[in-house]
Structures are given as C-alpha cells and as structure tokens.
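This is work-v2.txt (compact mmCIF, C-alpha atoms).
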```
# COMPACT_ATOMS: atom_id res chain seq x y z
CA MET A 16 12.69 -0.96 -24.49
CA THR A 17 9.13 -2.02 -25.18
CA ILE A 18 6.18 -2.06 -22.79
CA LEU A 19 2.74 -3.55 -23.33
CA ILE A 20 0.00 -2.27 -21.01
CA GLN A 21 -2.92 -4.65 -21.36
CA ASN A 22 -6.64 -4.46 -20.65
CA GLY A 23 -6.69 -0.97 -19.14
CA ARG A 24 -9.34 1.70 -19.54
CA VAL A 25 -7.49 4.23 -21.68
CA ILE A 26 -8.57 7.79 -20.83
CA ASN A 27 -7.01 10.50 -22.99
CA PRO A 28 -8.56 14.00 -22.95
CA ALA A 29 -6.62 15.14 -26.03
CA THR A 30 -8.61 12.72 -28.20
CA GLN A 31 -11.58 12.18 -25.85
CA THR A 32 -10.67 8.49 -25.85
CA ASP A 33 -12.32 6.40 -23.14
CA GLU A 34 -12.12 2.71 -24.02
CA VAL A 35 -10.64 -0.57 -22.88
CA ALA A 36 -7.55 -1.19 -24.99
CA ASP A 37 -3.89 -2.15 -24.92
CA VAL A 38 -1.12 0.45 -25.12
CA PHE A 39 2.15 -0.53 -26.78
CA VAL A 40 5.23 1.59 -26.05
CA ARG A 41 8.47 1.39 -27.98
CA ASP A 42 11.45 3.31 -26.64
CA ASN A 43 10.08 6.68 -25.51
CA LYS A 44 6.92 6.85 -27.65
CA VAL A 45 3.42 5.43 -27.67
CA GLU A 46 3.30 3.30 -30.81
CA ARG A 47 -0.10 1.65 -30.79
CA ILE A 48 -3.39 1.77 -28.88
CA GLU A 49 -5.75 -1.03 -29.83
CA PRO A 50 -7.71 -3.95 -28.36
CA ASN A 51 -5.83 -7.23 -28.04
CA CYS A 52 -2.46 -5.96 -29.22
CA MET A 53 -0.30 -8.94 -30.21
CA GLU A 54 3.09 -7.21 -30.00
CA LYS A 55 5.75 -8.89 -27.87
CA ALA A 56 7.26 -6.63 -25.22
CA ASP A 57 10.09 -6.51 -22.71
CA GLU A 58 7.60 -5.58 -19.99
CA VAL A 59 3.95 -6.62 -19.88
CA ILE A 60 1.65 -4.89 -17.39
CA ASP A 61 -1.85 -6.14 -16.71
CA ALA A 62 -3.95 -3.00 -16.15
CA LYS A 63 -7.33 -4.72 -15.99
CA GLY A 64 -9.75 -2.62 -13.97
CA CYS A 65 -7.35 0.35 -13.99
CA PHE A 66 -7.33 3.73 -15.70
CA VAL A 67 -4.47 4.31 -18.16
CA MET A 68 -4.03 8.08 -18.40
CA PRO A 69 -1.38 10.55 -19.55
CA GLY A 70 1.20 11.14 -16.83
CA PHE A 71 0.17 13.83 -14.39
CA ILE A 72 1.74 17.29 -14.64
CA ASP A 73 2.10 19.44 -11.51
CA MET A 74 2.44 23.16 -12.16
CA HIS A 75 3.31 23.94 -8.55
CA VAL A 76 5.88 22.11 -6.41
CA HIS A 77 8.62 23.12 -4.00
CA LEU A 78 11.68 20.90 -4.35
CA ARG A 79 13.77 23.01 -1.93
CA ASP A 80 16.87 22.49 -4.07
CA PRO A 81 19.32 24.21 -4.01
CA GLY A 82 19.99 25.24 -0.44
CA LEU A 83 17.15 23.69 1.57
CA THR A 84 17.79 20.04 0.84
CA HIS A 85 17.19 18.96 4.43
CA LYS A 86 13.50 19.39 3.50
CA GLU A 87 13.59 17.89 -0.01
CA ASP A 88 15.88 17.74 -3.02
CA VAL A 89 15.47 17.23 -6.74
CA ILE A 90 16.06 13.46 -6.51
CA THR A 91 13.66 12.73 -3.63
CA GLY A 92 11.16 15.16 -5.11
CA MET A 93 11.23 13.32 -8.43
CA GLN A 94 10.77 10.00 -6.65
CA ALA A 95 7.80 11.35 -4.69
CA ALA A 96 6.33 12.70 -7.92
CA ALA A 97 6.71 9.35 -9.66
CA HIS A 98 4.98 7.64 -6.72
CA GLY A 99 2.11 10.08 -7.21
CA GLY A 100 1.77 9.46 -10.95
CA TYR A 101 3.55 12.65 -12.05
CA THR A 102 5.86 12.68 -15.05
CA THR A 103 6.47 16.45 -15.21
CA VAL A 104 6.62 19.02 -12.40
CA LEU A 105 7.32 22.74 -12.28
CA ALA A 106 9.63 23.69 -9.41
CA MET A 107 9.02 27.00 -7.67
CA PRO A 108 11.94 29.46 -7.39
CA ASN A 109 11.97 30.16 -3.62
CA THR A 110 15.16 28.17 -3.12
CA LYS A 111 18.44 29.28 -1.53
CA PRO A 112 19.81 30.95 -3.57
CA VAL A 113 16.63 32.01 -5.31
CA ALA A 114 16.17 30.69 -8.85
CA ASP A 115 16.53 34.14 -10.37
CA ASN A 116 19.44 33.40 -12.72
CA VAL A 117 20.65 30.99 -15.37
CA GLU A 118 23.03 29.14 -13.05
CA VAL A 119 20.26 27.91 -10.73
CA ILE A 120 18.00 27.02 -13.66
CA ARG A 121 20.76 24.90 -15.20
CA TYR A 122 21.69 23.33 -11.86
CA VAL A 123 18.16 22.01 -11.33
CA HIS A 124 17.75 20.80 -14.92
CA GLU A 125 21.12 19.01 -14.87
CA LYS A 126 20.36 17.36 -11.53
CA CYS A 127 17.01 16.26 -12.91
CA ALA A 128 18.69 14.70 -15.94
CA SER A 129 21.16 12.85 -13.74
CA GLY A 130 18.31 11.35 -11.71
CA LYS A 131 16.78 9.65 -14.78
CA CYS A 132 13.28 9.70 -13.33
CA ILE A 133 10.73 12.35 -14.37
CA HIS A 134 10.87 15.82 -15.93
CA VAL A 135 11.54 18.85 -13.72
CA LEU A 136 11.16 22.33 -15.17
CA GLN A 137 12.59 25.09 -13.02
CA VAL A 138 10.44 28.23 -12.82
CA GLY A 139 12.28 31.55 -12.61
CA ALA A 140 11.68 34.27 -10.05
CA VAL A 141 10.07 37.53 -11.12
CA THR A 142 12.46 39.70 -9.13
CA LYS A 143 16.05 39.38 -7.98
CA GLY A 144 16.17 37.47 -4.70
CA GLN A 145 12.36 37.59 -4.68
CA LYS A 146 12.75 40.94 -2.95
CA GLY A 147 10.22 42.67 -5.18
CA GLU A 148 12.62 45.50 -6.04
CA GLN A 149 14.37 44.71 -9.33
CA LEU A 150 13.32 42.44 -12.15
CA ALA A 151 15.31 39.26 -12.66
CA ASP A 152 16.75 38.65 -16.14
CA ILE A 153 13.64 36.89 -17.39
CA GLU A 154 14.70 36.63 -21.03
CA GLU A 155 18.01 35.01 -20.09
CA MET A 156 16.29 32.44 -17.83
CA VAL A 157 13.74 31.57 -20.51
CA ALA A 158 16.56 31.06 -23.01
CA ALA A 159 18.07 28.60 -20.51
CA GLY A 160 14.86 26.53 -20.39
CA CYS A 161 12.77 28.27 -17.73
CA PRO A 162 9.10 27.64 -18.68
CA ALA A 163 7.42 30.35 -16.57
CA ILE A 164 7.99 33.03 -13.96
CA SER A 165 6.62 33.25 -10.44
CA GLU A 166 7.28 34.94 -7.13
CA ASP A 167 5.59 32.03 -5.38
CA GLY A 168 5.63 32.22 -1.62
CA LYS A 169 4.75 35.89 -1.88
CA SER A 170 3.24 38.46 -4.23
CA VAL A 171 5.17 41.19 -6.00
CA MET A 172 3.59 44.04 -4.09
CA ASN A 173 4.94 46.76 -6.40
CA ALA A 174 2.35 46.73 -9.19
CA GLN A 175 4.57 48.73 -11.57
CA ILE A 176 7.38 46.16 -11.35
CA TYR A 177 4.89 43.32 -11.77
CA ARG A 178 3.36 45.00 -14.80
CA GLU A 179 6.79 45.24 -16.44
CA ALA A 180 7.35 41.54 -15.73
CA MET A 181 4.00 40.70 -17.31
CA LYS A 182 4.92 42.70 -20.42
CA ILE A 183 8.11 40.65 -20.79
CA ALA A 184 6.22 37.40 -20.15
CA ALA A 185 3.64 38.36 -22.80
CA LYS A 186 6.40 39.08 -25.33
CA LEU A 187 8.05 35.72 -24.57
CA ASP A 188 4.67 33.94 -24.44
CA ILE A 189 5.32 32.30 -21.09
CA PRO A 190 2.82 32.08 -18.23
CA VAL A 191 3.02 34.10 -15.04
CA LEU A 192 2.25 31.88 -12.05
CA ALA A 193 0.73 34.14 -9.41
CA HIS A 194 0.71 33.68 -5.64
CA CYS A 195 -2.04 36.09 -4.60
CA GLU A 196 -1.53 37.49 -1.11
CA ASP A 197 -1.59 41.10 0.04
CA ILE A 198 1.14 40.85 2.66
CA ASN A 199 0.04 44.12 4.25
CA MET A 200 -3.32 42.56 5.14
CA VAL A 201 -2.03 39.29 6.61
CA ASN A 202 -1.31 40.92 9.97
CA GLY A 203 0.17 37.83 11.60
CA GLY A 204 -2.67 35.53 10.51
CA VAL A 205 -2.07 31.78 10.51
CA MET A 206 -5.45 30.30 9.52
CA ASN A 207 -8.79 31.35 8.07
CA ALA A 208 -10.48 34.21 9.88
CA ASP A 209 -13.59 32.53 11.26
CA ALA A 210 -15.19 31.06 14.37
CA LYS A 211 -12.65 28.22 14.43
CA ALA A 212 -9.80 30.72 14.67
CA GLU A 213 -11.58 32.41 17.55
CA GLU A 214 -12.08 29.05 19.28
CA LEU A 215 -8.36 28.29 18.95
CA GLY A 216 -7.35 31.82 19.90
CA LEU A 217 -5.40 32.30 16.65
CA PRO A 218 -5.14 35.33 14.35
CA GLY A 219 -7.03 34.89 11.09
CA ILE A 220 -6.42 35.52 7.39
CA THR A 221 -9.45 36.95 5.60
CA ASN A 222 -10.52 36.02 2.08
CA SER A 223 -9.74 39.57 0.97
CA VAL A 224 -6.01 38.93 1.49
CA GLU A 225 -6.21 36.70 -1.60
CA ASP A 226 -9.04 38.39 -3.46
CA VAL A 227 -7.48 41.87 -3.61
CA ILE A 228 -4.39 40.56 -5.43
CA VAL A 229 -6.42 38.25 -7.68
CA ALA A 230 -8.34 41.31 -8.88
CA ARG A 231 -5.17 43.36 -9.32
CA ASP A 232 -3.34 40.64 -11.24
CA ILE A 233 -6.28 40.02 -13.57
CA LEU A 234 -6.39 43.73 -14.39
CA LEU A 235 -2.64 43.75 -15.06
CA ALA A 236 -3.00 40.71 -17.30
CA LYS A 237 -5.79 42.47 -19.18
CA GLU A 238 -3.59 45.51 -19.75
CA THR A 239 -0.43 43.62 -20.73
CA GLY A 240 -1.87 40.61 -22.56
CA ALA A 241 0.06 38.25 -20.31
CA ARG A 242 -0.95 34.64 -19.73
CA LEU A 243 -1.85 34.65 -16.03
CA HIS A 244 -2.16 31.44 -14.02
CA LEU A 245 -3.53 31.92 -10.51
CA CYS A 246 -1.97 29.46 -8.09
CA HIS A 247 -3.64 27.62 -5.17
CA CYS A 248 -6.94 29.51 -5.31
CA SER A 249 -8.91 29.12 -2.08
CA THR A 250 -11.85 31.56 -2.07
CA ARG A 251 -15.24 31.65 -3.76
CA ASP A 252 -14.57 35.16 -5.07
CA SER A 253 -11.33 34.01 -6.72
CA VAL A 254 -13.37 31.46 -8.65
CA GLU A 255 -15.93 34.10 -9.66
CA MET A 256 -13.26 36.57 -10.78
CA ILE A 257 -11.60 33.91 -12.95
CA ARG A 258 -15.00 33.06 -14.41
CA LEU A 259 -15.59 36.72 -15.31
CA ALA A 260 -12.06 37.10 -16.72
CA LYS A 261 -12.63 34.16 -19.04
CA LYS A 262 -15.94 35.61 -20.20
CA ASP A 263 -14.00 38.78 -20.99
CA GLY A 264 -11.65 36.73 -23.20
CA LEU A 265 -8.58 37.13 -20.99
CA LYS A 266 -5.79 34.57 -20.93
CA VAL A 267 -6.41 33.69 -17.28
CA SER A 268 -6.39 30.22 -15.72
CA GLY A 269 -6.66 28.93 -12.18
CA GLU A 270 -5.60 25.97 -10.09
CA VAL A 271 -6.96 24.30 -6.97
CA CYS A 272 -5.01 22.11 -4.54
CA PRO A 273 -6.48 18.91 -3.07
CA HIS A 274 -6.28 20.22 0.49
CA HIS A 275 -8.42 23.21 -0.48
CA PHE A 276 -11.19 21.12 -2.04
CA THR A 277 -11.04 18.40 0.64
CA LEU A 278 -10.74 20.19 3.99
CA THR A 279 -12.24 23.24 5.67
CA SER A 280 -10.96 25.20 8.64
CA ASP A 281 -13.39 23.23 10.79
CA ASP A 282 -11.22 20.15 10.20
CA ILE A 283 -8.24 21.65 12.00
CA GLU A 284 -7.49 19.45 14.98
CA LYS A 285 -6.61 20.67 18.44
CA VAL A 286 -3.57 19.32 20.22
CA GLU A 287 -3.69 19.37 24.00
CA ALA A 288 -0.22 18.21 24.98
CA LEU A 289 3.35 17.58 23.84
CA SER A 290 3.56 14.93 21.13
CA VAL A 291 6.54 13.07 19.72
CA ASP A 292 4.43 11.29 17.10
CA CYS A 293 5.23 12.81 13.69
CA ARG A 294 1.57 12.56 12.80
CA ARG A 295 0.51 14.77 15.73
CA LEU A 296 2.45 17.99 15.88
CA VAL A 297 2.74 20.95 18.24
CA ASN A 298 4.78 21.01 21.43
CA GLN A 299 2.26 23.08 23.31
CA PRO A 300 -1.54 23.20 23.43
CA GLY A 301 -3.01 24.60 20.23
CA ALA A 302 -3.70 23.47 16.68
CA ASP A 303 -2.02 20.70 14.69
CA THR A 304 0.42 22.57 12.45
CA ASN A 305 0.02 20.00 9.69
CA TYR A 306 -3.11 22.01 8.92
CA LYS A 307 -1.16 25.26 8.50
CA MET A 308 -0.93 26.20 4.85
CA ASN A 309 -0.98 29.35 2.74
CA PRO A 310 -3.57 30.20 1.61
CA PRO A 311 -5.32 28.65 4.60
CA LEU A 312 -8.13 26.13 4.68
CA ARG A 313 -11.31 28.10 4.12
CA ALA A 314 -15.04 27.89 4.89
CA PRO A 315 -17.40 25.22 3.49
CA GLU A 316 -18.91 27.68 1.01
CA ASP A 317 -15.44 28.37 -0.41
CA VAL A 318 -14.75 24.65 -0.76
CA GLU A 319 -18.05 24.14 -2.59
CA ALA A 320 -17.25 27.02 -4.95
CA LEU A 321 -13.85 25.48 -5.74
CA LYS A 322 -15.43 22.10 -6.50
CA LYS A 323 -18.08 23.64 -8.73
CA GLY A 324 -15.43 25.74 -10.46
CA LEU A 325 -13.47 22.61 -11.28
CA ALA A 326 -16.62 20.87 -12.46
CA ASP A 327 -17.76 23.63 -14.83
CA GLY A 328 -14.29 24.33 -16.25
CA THR A 329 -13.70 27.70 -14.59
CA MET A 330 -10.77 26.20 -12.70
CA ASP A 331 -8.42 24.52 -15.15
CA VAL A 332 -5.84 22.67 -13.08
CA ILE A 333 -5.35 20.56 -9.97
CA SER A 334 -1.86 21.20 -8.54
CA THR A 335 -0.32 20.15 -5.24
CA ASP A 336 1.71 23.10 -3.89
CA HIS A 337 3.92 20.31 -2.50
CA ALA A 338 5.76 22.07 0.35
CA PRO A 339 7.92 19.75 2.47
CA HIS A 340 9.20 20.80 5.90
CA THR A 341 11.03 18.86 8.60
CA PHE A 342 9.34 17.49 11.69
CA GLU A 343 11.37 19.87 13.86
CA GLU A 344 10.21 22.91 11.86
CA LYS A 345 6.57 21.92 12.15
CA ASN A 346 6.71 20.72 15.75
CA THR A 347 6.02 24.09 17.32
CA SER A 348 3.11 26.49 17.75
CA MET A 349 0.78 27.46 14.95
CA GLN A 350 2.22 30.97 15.03
CA LYS A 351 5.83 29.81 14.63
CA ALA A 352 5.49 26.85 12.26
CA PRO A 353 6.08 27.37 8.53
CA PHE A 354 3.17 27.22 6.10
CA GLY A 355 2.81 24.22 3.81
CA ILE A 356 2.10 20.52 3.42
CA VAL A 357 3.34 17.78 1.09
CA GLY A 358 1.02 16.69 -1.69
CA LEU A 359 2.67 14.81 -4.54
CA GLU A 360 1.84 11.36 -3.16
CA THR A 361 -1.74 12.10 -2.08
CA ALA A 362 -3.15 14.29 -4.86
CA ALA A 363 -4.48 11.56 -7.14
CA CYS A 364 -6.25 9.56 -4.45
CA LEU A 365 -7.78 12.69 -2.91
CA THR A 366 -8.93 13.94 -6.30
CA TYR A 367 -10.54 10.61 -7.10
CA SER A 368 -12.08 10.21 -3.63
CA GLU A 369 -13.40 13.74 -3.25
CA LEU A 370 -14.21 14.82 -6.80
CA VAL A 371 -14.80 11.74 -8.93
CA LEU A 372 -16.57 9.62 -6.33
CA GLY A 373 -18.14 12.83 -5.02
CA GLY A 374 -19.80 13.40 -8.40
CA TYR A 375 -18.00 16.62 -9.37
CA LEU A 376 -15.63 15.24 -12.01
CA THR A 377 -15.59 12.33 -14.41
CA PRO A 378 -12.39 10.29 -14.80
CA MET A 379 -11.88 12.14 -18.11
CA GLN A 380 -12.06 15.48 -16.30
CA MET A 381 -9.63 14.22 -13.66
CA ALA A 382 -7.09 13.47 -16.41
CA GLU A 383 -7.84 16.84 -17.98
CA LYS A 384 -7.20 18.80 -14.78
CA MET A 385 -4.13 16.80 -13.77
CA SER A 386 -2.44 16.34 -17.14
CA TYR A 387 -3.91 17.71 -20.36
CA ASN A 388 -4.69 21.25 -19.17
CA PRO A 389 -1.33 21.79 -17.42
CA ALA A 390 0.47 20.62 -20.59
CA ARG A 391 -1.54 23.08 -22.66
CA LEU A 392 -0.92 26.00 -20.30
CA ILE A 393 2.86 25.62 -19.89
CA PRO A 394 2.97 24.52 -22.82
CA VAL A 395 4.77 21.20 -23.27
CA ASP A 396 4.08 18.45 -25.79
CA ARG A 397 2.88 16.01 -23.16
CA GLY A 398 -0.42 15.21 -21.46
CA ASP A 399 -1.47 13.16 -24.49
CA ILE A 400 -0.95 9.42 -25.02
CA GLN A 401 -2.07 8.95 -28.61
CA PRO A 402 0.35 7.15 -30.98
CA GLY A 403 3.46 9.16 -31.75
CA LYS A 404 3.39 11.06 -28.45
CA ALA A 405 5.78 10.76 -25.52
CA ALA A 406 5.18 7.66 -23.43
CA ASP A 407 4.34 9.48 -20.19
CA ILE A 408 1.67 7.28 -18.64
CA VAL A 409 0.08 6.68 -15.24
CA ILE A 410 -1.83 3.53 -14.35
CA PHE A 411 -4.38 4.25 -11.64
CA ASP A 412 -6.43 1.66 -9.77
CA PRO A 413 -9.84 3.24 -8.95
CA ASN A 414 -10.89 0.30 -6.78
CA ALA A 415 -8.04 0.29 -4.25
CA THR A 416 -9.18 1.46 -0.80
CA TYR A 417 -6.58 2.10 1.89
CA LYS A 418 -5.34 4.53 4.52
CA ILE A 419 -2.70 7.10 3.65
CA ASP A 420 0.53 6.27 5.51
CA VAL A 421 3.28 8.89 5.65
CA ASN A 422 5.81 6.17 6.42
CA THR A 423 5.50 4.96 2.82
CA PHE A 424 6.29 8.37 1.29
CA ALA A 425 9.32 8.77 -0.97
CA SER A 426 9.39 12.48 -0.10
CA LYS A 427 11.52 13.63 2.80
CA GLY A 428 8.46 15.53 3.99
CA ARG A 429 5.87 13.92 6.22
CA ASN A 430 3.93 17.11 6.94
CA THR A 431 0.37 16.31 5.91
CA PRO A 432 -2.99 16.33 7.69
CA PHE A 433 -4.06 13.33 5.60
CA ASP A 434 -2.04 10.65 7.40
CA GLY A 435 -4.45 7.87 8.36
CA ARG A 436 -7.23 9.15 6.10
CA GLU A 437 -9.08 6.42 4.20
CA VAL A 438 -9.12 7.02 0.45
CA THR A 439 -9.99 5.23 -2.77
CA GLY A 440 -7.71 5.13 -5.80
CA ARG A 441 -4.01 4.30 -6.02
CA VAL A 442 -1.25 4.95 -8.52
CA VAL A 443 0.14 1.51 -9.37
CA CYS A 444 2.61 2.38 -12.11
CA THR A 445 4.23 5.46 -13.63
CA VAL A 446 5.97 5.44 -17.01
CA CYS A 447 8.08 8.43 -18.10
CA ASP A 448 9.62 8.59 -21.57
CA GLY A 449 8.99 4.87 -21.96
CA ASN A 450 10.71 3.89 -18.70
CA ILE A 451 8.96 2.49 -15.66
CA VAL A 452 9.90 4.94 -12.91
CA PHE A 453 7.48 3.65 -10.27
CA ARG A 454 5.64 0.38 -9.73
CA ALA A 455 3.64 -0.33 -6.60
```

Using structure tokens, write down the structure from this file.
Amino acid sequence: MTILIQNGRVINPATQTDEVADVFVRDNKVERIEPNCMEKADEVIDAKGCFVMPGFIDMHVHLRDPGLTHKEDVITGMQAAAHGGYTTVLAMPNTKPVADNVEVIRYVHEKCASGKCIHVLQVGAVTKGQKGEQLADIEEMVAAGCPAISEDGKSVMNAQIYREAMKIAAKLDIPVLAHCEDINMVNGGVMNADAKAEELGLPGITNSVEDVIVARDILLAKETGARLHLCHCSTRDSVEMIRLAKKDGLKVSGEVCPHHFTLTSDDIEKVEALSVDCRRLVNQPGADTNYKMNPPLRAPEDVEALKKGLADGTMDVISTDHAPHTFEEKNTSMQKAPFGIVGLETAACLTYSELVLGGYLTPMQMAEKMSYNPARLIPVDRGDIQPGKAADIVIFDPNATYKIDVNTFASKGRNTPFDGREVTGRVVCTVCDGNIVFRA
C-alpha cells in the first residue's frame, strides 16, 4: 500500500525538520519527504494547514486486559489510542492476573497483533502479584518481549527488593517505570491536602507522599545504575529532584500527564445531588469523582513547576496514565470511587491548548515529548519519520476548535473531567506501519 500525505507541516524532532512538504509512504516505511512529490499513491491525504508528526508513544496506559475487560480491553484500548494519535503504547501490569509472567506478556502481544491497529508493549510487574514480597522473573519476561518493569498503581515499599529489581533492570538495560507513593503516608487521602480538601471535608494527600519515594528511587538508581523513569509526576519538588539528578549525570527521566499540567485542585467541582448523567458523577453530595486521580490534582505552584519543567527539558515525556473505569464504579463518593481518568483521546488537544498555545512548548517540543523522547527512553526504533523509518505518523490539525465529547470516545471509559471543555487541536489521521488506523 502507498500513501501520499500532501502539503503538511512536517515536524520531526529526530532531524529537527520543520517544513511544508509531502510524505510518501510505501508499505510500512517512509520512502520520501519532499515538496511537491509526484508519486502516485493508493491513498492521498491533503494535510494542508496540519502538522505531520511521528506517531505518539504513550509510556503509561492501563488497558485492563486480562481480567478487567469490563473497563477496557486491548482492542478498544488500541482504538482509543489510534483516535488520539498514538501508534505505540506501554500497558501497565496491574491486570488480573497481574502481568508478572511470560504467559500474560504473550497474551497481550498476541491480542494486539490480532487487532491489526497499533503497537502495544506489555510492561512486566516488579514483584509477583504486585505484592511487593518476591521478585517476578524479570529476565524471562524481557526475553518474551517485555520492554520495561513497573509496579504501577503502587510503589514497592521494600527498598531492598526494589534495589535488586533495579540491579536486574540495569543489567538488562531496560527502564524501571516508577509510581512514587509512600502508601504509609496516604492515610485515606483522596485529593490534594489543601484548603479545597478542607472545604469539601475530604482527607488530603500531601506532596511528601510522592516526594519521599521520588528521592528514594533516585538514590537507588544512583547506586544501581538503573534507568529510572518517574511516572505521572505532580509536585514541584519532584521536578526539582529530577533536575538535580540529571545534573548529577544519572539516568533519570520524568513524565507529566495532561491533567496535572491543565487542572489544579481548585478545579474540582462540587456535586450537590444524585446525578444519572455520566458527565456528573457522585450519588451523594460531595466532589465529582471524575476529578479523583492518583497522584491528585495539585496546587497552582505545582502546575507551574510542571509546565516549566517540560519547557526547559527537565521533564522528558507527556504520558496519559489512561485509567478507564465504569460509570457504576465512579458513581459513588469520593472516598469510595477508584482513582483514575481516561486520557488517550484528549492528551494531544490538551497539550496543544495548554502548552503550545500557552507559550510553554513549540510544536517541535510537543512532538519531542509525545513521540521522540518516549521512543528513545524505551527504546524502540520509532518516533522518527525520516526516509527509511517506520511509517508511524499522526496528522494533527492545530486550527480545529471544539468541545470534548465523551460520547465520541472509542474507549470504554468515559471517566474524565474534560467532557465539555473547549480545546484547540484535533487528531485527523493516524497511520501505523503504513496503514491508516484512524481517520476523522
């Protein structure tokens, strides 16, 4: 199959290309990038006024498969990812059963292949059953195609066990994706510990819950030589510790999620009565549980630190932490509802609206944070659309203005606080391995 993408603004961080040109794809590779390409093609796409960037790569998604497929599954997750411009995603291991063995790794990869959509790489758990007691067989999982290890959803609280895991990861040269949360300090918290929590009468989660483990994990990475990637950072001190670690020459990287650079705890909406509208949750007076996520939405000064960290290169990656839940699970009190929101289909427009239009990132930096840097950190030979590379491409319209509508989502999840929010920027086409997997 051949595809000709015409008249688009080609933005490729790997080569620092930023020019209006045509992109010609043959089979699964980019063959030519040049103005006024005269090649005939099976599919011709007019990308005038649009960005043509390497397909996005999400280092942090929850596909809920196996075992929790009422929330999401590999197929619907891939479709949601394609709608969001993603061509590769890393699936977290907190499934049922936990992805702590070769059988689960293979199951996910085989189901991904059968779906013929995008690439899904299944991350392996650090410990058996994510219980934090015994190491999983990390070498065996890596041999089966696992690209990284993580205990996401929780931290490995036993530092000795985690250090041993980091030693193995360093030997295998795979990244450790760290969820930083001192569970002993959470103490029933459900949102940021601040005046808003007091107003809503809810227990809070302090910044130190994250910061203590960030500091510990950086020190363990320093000792072991492991490649440490800090997931969903939310505090200003996390940013500063990553900045210092990089100055010290450590192999430490960090990611920020769109909800953490877009919203603060002050944005959490109160709900006064029973609601049956899936956009307004909570069956008793309290807070809208679509705003309940872990780590929680923080203070304005934290949000500003995250934005500046992305702008100056301290924070390497924008990931979604896509965490689908059912309406029934979320339609309860803030204390009872599960943490998490969906993000695959809103990340690009929020990044463009908040960071590019907000003056923090250039379009080149957006592509860097959402594609090139993740590819480099995993690593995979993607995130680069120069000739000879895999034809993983997203076409993004920076002029489209619209309101986010959960009813258009391909994901099974509708749990997002962004429904009805006006944004600018829309994914109009996603190409993975030379196949059009989404077209608006």

Dump as JSON lines the rows for residues of stretch 313-418 of chain A within 9 Å of stretch 174-190 of chain A: closest atom pair and distance in Å with one decimal, only C-alpha atoms counted, ordered by chain and rising residue number.
```
{"residue": "A:Leu392", "atom": "CA", "partner": "A:Pro190", "partner_atom": "CA", "distance": 7.4}
{"residue": "A:Ile393", "atom": "CA", "partner": "A:Pro190", "partner_atom": "CA", "distance": 6.7}
{"residue": "A:Pro394", "atom": "CA", "partner": "A:Ile189", "partner_atom": "CA", "distance": 8.3}
```

Write the residues of the selection above to a file with C-alpha atoms, as a PDB file, keeping the file's coordinate frame.
```pdb
ATOM      1  CA  LEU A 392      -0.920  26.000 -20.300  1.00  0.00           C
ATOM      2  CA  ILE A 393       2.860  25.620 -19.890  1.00  0.00           C
ATOM      3  CA  PRO A 394       2.970  24.520 -22.820  1.00  0.00           C
TER       4      PRO A 394
END
```

Next on the checklist: For a quick check of understanding, using only C-alpha atoms, which of A:Pro432, A:Leu243, A:Ala193, A:Ala96 has the smallest distance to A:Lys307?
Outcome noted: A:Pro432

Next on the checklist: I need the residue nearest A:Ser129 from this list: A:Ile18, A:Ile198, A:Ile408, A:Ile90. Use only C-alpha atoms for the distance.
Outcome noted: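 Looking at the shortest contact to A:Ser129, the residue is A:Ile90.
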
Return as JSON the box centre and box size in Å, one decimal, for an axis-aligned box around all listed atoms of stretch 59-70 of chain A padded by 8 Å per side.
```
{"center_x": -2.9, "center_y": 2.3, "center_z": -16.9, "size_x": 29.7, "size_y": 33.8, "size_z": 21.9}
```

(10.4, 30.9, -7.2) in this file's frame - what residues fall within 7 Å of it? Use all atoms listed in the file and give the answer as an mmCIF file with C-alpha atoms, keeping the file's coordinate frame.
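Dumped everything to point.cif:
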```cif
data_model
loop_
_atom_site.group_PDB
_atom_site.id
_atom_site.type_symbol
_atom_site.label_atom_id
_atom_site.label_comp_id
_atom_site.auth_asym_id
_atom_site.auth_seq_id
_atom_site.Cartn_x
_atom_site.Cartn_y
_atom_site.Cartn_z
ATOM 1 C CA MET A 107 9.020 27.000 -7.670
ATOM 2 C CA PRO A 108 11.940 29.460 -7.390
ATOM 3 C CA ASN A 109 11.970 30.160 -3.620
ATOM 4 C CA THR A 110 15.160 28.170 -3.120
ATOM 5 C CA VAL A 113 16.630 32.010 -5.310
ATOM 6 C CA ALA A 114 16.170 30.690 -8.850
ATOM 7 C CA VAL A 138 10.440 28.230 -12.820
ATOM 8 C CA GLY A 139 12.280 31.550 -12.610
ATOM 9 C CA ALA A 140 11.680 34.270 -10.050
ATOM 10 C CA SER A 165 6.620 33.250 -10.440
ATOM 11 C CA GLU A 166 7.280 34.940 -7.130
ATOM 12 C CA ASP A 167 5.590 32.030 -5.380
#
```

Next on the checklist: From the options A:Leu370, A:Val332, A:Val67, A:Ala230, which residue's atoms come nearest to A:Asp412, counting all atoms listed in the file?
Outcome noted: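 Smallest distance to A:Asp412 is found for A:Val67.
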
Checklist entry - Got a sec: who's within 8 Å of A:Ala36, counting all atoms listed in the file, leaving out chain neighbours fewer than 5 positions off, as a VMD selection string? => result chain A and resid 21 to 25 48 to 51

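Our summary of the geometry notes that atom CA of A:Gly204 is positioned 28.0 Å from atom CA of A:Leu105.
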